[in-house]
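Everything on this sheet refers to the single structure shown next.
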Amino acid sequence: MRTAVVSRRGGLLLRTLVLLLPAAGLARPWTVQAAGVAPEVAVEVEEEVYRYENPDNGAGPSWCFGNTCIVRGGSSLFVSGLEKIPDVRPLNNTRWLLYVRSDEGWRLAQKDPRDRTREPSPLGILPDGSVLMSVNPTLTGPDAHAGPAQPQILRFDARRPEAPFETILPVWEGNPDFTEHSYRSFAVDGVRGELILFQNVAYSHSAWAFRDGQGRWSARGQLAWPWGADYQKPQPIRVCYPSVQLRDRAVYFCGVSDILEPNEAWRAYKRELTGRDWDYDFRRLFYTWTPDITGQPFRPWVELASRERTCGWITPCDLWVDDGGTVHVLWTERAIDPRLREKFFPGEKQSESLHYARVREGRIVSRCAILHAEEGDASAPLPGRARFHVMPDGRLLVFLHARVPGSGGQAADENRLLEIQEDGTPGPSVRVPLETPMAAFFTAGVRAGCRPSDTIDLLGDTGQAMRYARVRVGR
C-alpha cells in the first residue's frame with residue numbers, strides 16, 4: 001500500500017497537452033488539443049486481490065470487460081474472481097469467487113460450492129445493500145466440452161457476505177438455448193434498484209429480462225441483431241462485448257460486430273495464414289436504445305463507427321448517460337488488420353485511436369479522438385482501454401491506458417486521467433502514478449449501480465494477478 005500525489009493547478013490554458021515520460025524524463029506532445037486544467041489525482045492504495053491460473057478455455061478474469069467485477073457499497077468493496085478447477089477439462093473448468101475489502105484488507109468471502117462455468121461473473125449493487133452476481137453455470141457433466149447453461153443472479157448481503165446467498169432465476173421469453181458462451185451484459189439502476197440481464201442466443205439475437213424495484217421480472221423479450229444486407233452473403237450481425245446502461249427504465253446498448261469473417265477473399269487468406277476455417281470480425285460499432293424497457297421496443301440499430309473498408313478493429317470501451325439524456329461513448333479503433341495489409345491494403349496507413357462521442361436520439365452530435373497514433377509518428381502514445389468515471393458534482397472523467405514511447409525504442413505502460421469539458425472536448429490529462437499500470441481494468445461505476453464518487457476504484461488484470469487501486473480525484 002502506498003500514497004502518491006500528482007497535481008496540476010493554475011489558470012494556464014494549454015493548446016497542446018504535454019505528456020511526461022517518467023522513465024526517460026522526456027516530454028512528447030499528446031495528440032489532443034486541450035484547454036483547461038487537468039484533474040488532481042492521488043493514488044491512495046495499490047494491492048493484490050488474488051492470483052489466478054489461465055483456464056485455457058477462451059475466457060479469463062477480464063473477459064467480460066463490458067461489465068464490471070468490482071462494486072462499492074459504502075465503505076466495503078466487492079470483487080468477483082475466477083478460479084480454475086484442477087483436473088477439469090475446458091470449457092466449463094472454472095468457478096466464481098467473491099472477495100470483500102474492509103478496513104482490514106481483502107478476504108475471500110465465498111466460492112462457488114457446487115457449479116462449474118466458463119466465464120467471469122459480473123457484479124452489481126442495489127441501494128438496500130444487496131450485492132448481485134450474474135452467473136452462468138453449465139448444465140453438462142464434467143466430461144462434456146460444451147453444452148447448455150442456466151443463467152442465474154446470486155444475491156449476497158453486503159453486511160454479511162459470508163452468509164448463504166439467494167439464487168434468483170430470471171424469467172425469459174420462451175425457452176432460450178443458452179450455452180457457456182453467454183456474452184452477457186448485466187446492468188443495474190442504483191437509484192431505482194432495478195436490473196437488466198442480456199444473454200446471447202447463438203447468432204440470431206440476445207434474450208433480455210428486466211427485474212423491477214419490487215423484485216418482479218416484469219418485462220422480457222428479444223433484441224434482434226442488425227441485418228448485414230451489404231455482405232456478400234447477407235446475414236444477422238451478432239453484437240458482442242457491449243456496454244449497457246439502465247436508467248429510469250431506459251436502456252442503452254452499444255457493442256461491436258462479432259461474426260465469422262464475411263469477406264470471402266479475406267477469409268480465404270486468413271485461412272492460409274492460420275490454418276483455421278474461422279476468424280471473427282470486430283470492426284463495426286452498433287448502438288440501440290429504448291426509452292422504456294417495459295413498454296417500448298428498441299429503436300433501429302445505428303452504426304456509430306466502422307473499419308469495414310480496410311478490415312480494421314474496433315473495441316467498445318464504455319457508455320454513460322447524463323441527466324439530460326446525452327449518451328457518452330468511448331471506443332478504440334485500429335485501421336487495418338496487419339496480417340492483410342501487404343496483400344490487400346499496401347497503400348493504406350496504419351493508425352490506432354481512442355474515440356469519444358456524444359449521441360442524442362441515435363445521432364452523433366460531436367466526436368473527437370482523445371488519442372491518435374498514426375504510422376510514421378514514433379512519438380505518439382498507442383491508446384488502450386478506457387472507462388468513464390462520474391464525479392458527485394456531475395463531472396465526467398476518462399481513465400485510460402496507453403503505451404508510451406521512451407528512450408532507446410522502449411515503450412512503457414501508463415494510465416492517465418482527463419475530464420470531458422462542457423463543450424464535449426477532452427481537457428488536459430494527468431498521469432496517474434500507479435506502481436503497476438493497468439492495461440485491462442474494471443471500475444466500480446454507475447452502470448453497475450455504484451454511486452458517483454470522488455474516488456476511482458480499479459480492478460486490473462496483470463496477466464497473473466488481479467490488483468486493486470484506489471485513486472482520489474480533486475479539482
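Going through the C-alpha cells in order, the chains are called A, B, and so on, while each chain numbers its residues from 1 and the ligands are numbered from 1 in the order shown.
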DSSP strand (DSSP E or B) selection over region 363-454 of chain A, as a VMD selection string: chain A and resid 363 to 374 382 to 390 396 to 405 411 to 420 426 to 432 440 to 443
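Going from CA of Val135 (chain A) over to CA of Leu197 (chain A), you cover 10.8 Å.
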Selection: 10 Å around Leu400 (chain A), only C-alpha atoms, excl. self and same-chain fewer than 6 positions, as a list of chain:residue names: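 Listed by chain and then number, they are A:Cys317, A:Leu354, A:Ile370, A:Leu371, A:Pro383, A:Gly384, A:Arg385, A:Ala386, A:Arg387, A:Phe388, A:Glu414, A:Asn415, A:Arg416, A:Leu417, A:Leu418, A:Ser429, A:Arg431, A:Val432, A:Met438, A:Ala439, A:Ala440, A:Phe441.
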Test item: residues at most 9 Å from region 183-193 of chain A, only C-alpha atoms, excluding those fewer than 4 positions along its chain, as a PyMOL selection string: chain A and resi 64+66-68+119+122-128+133-134+197-200+206+211-215+240-249+446-451
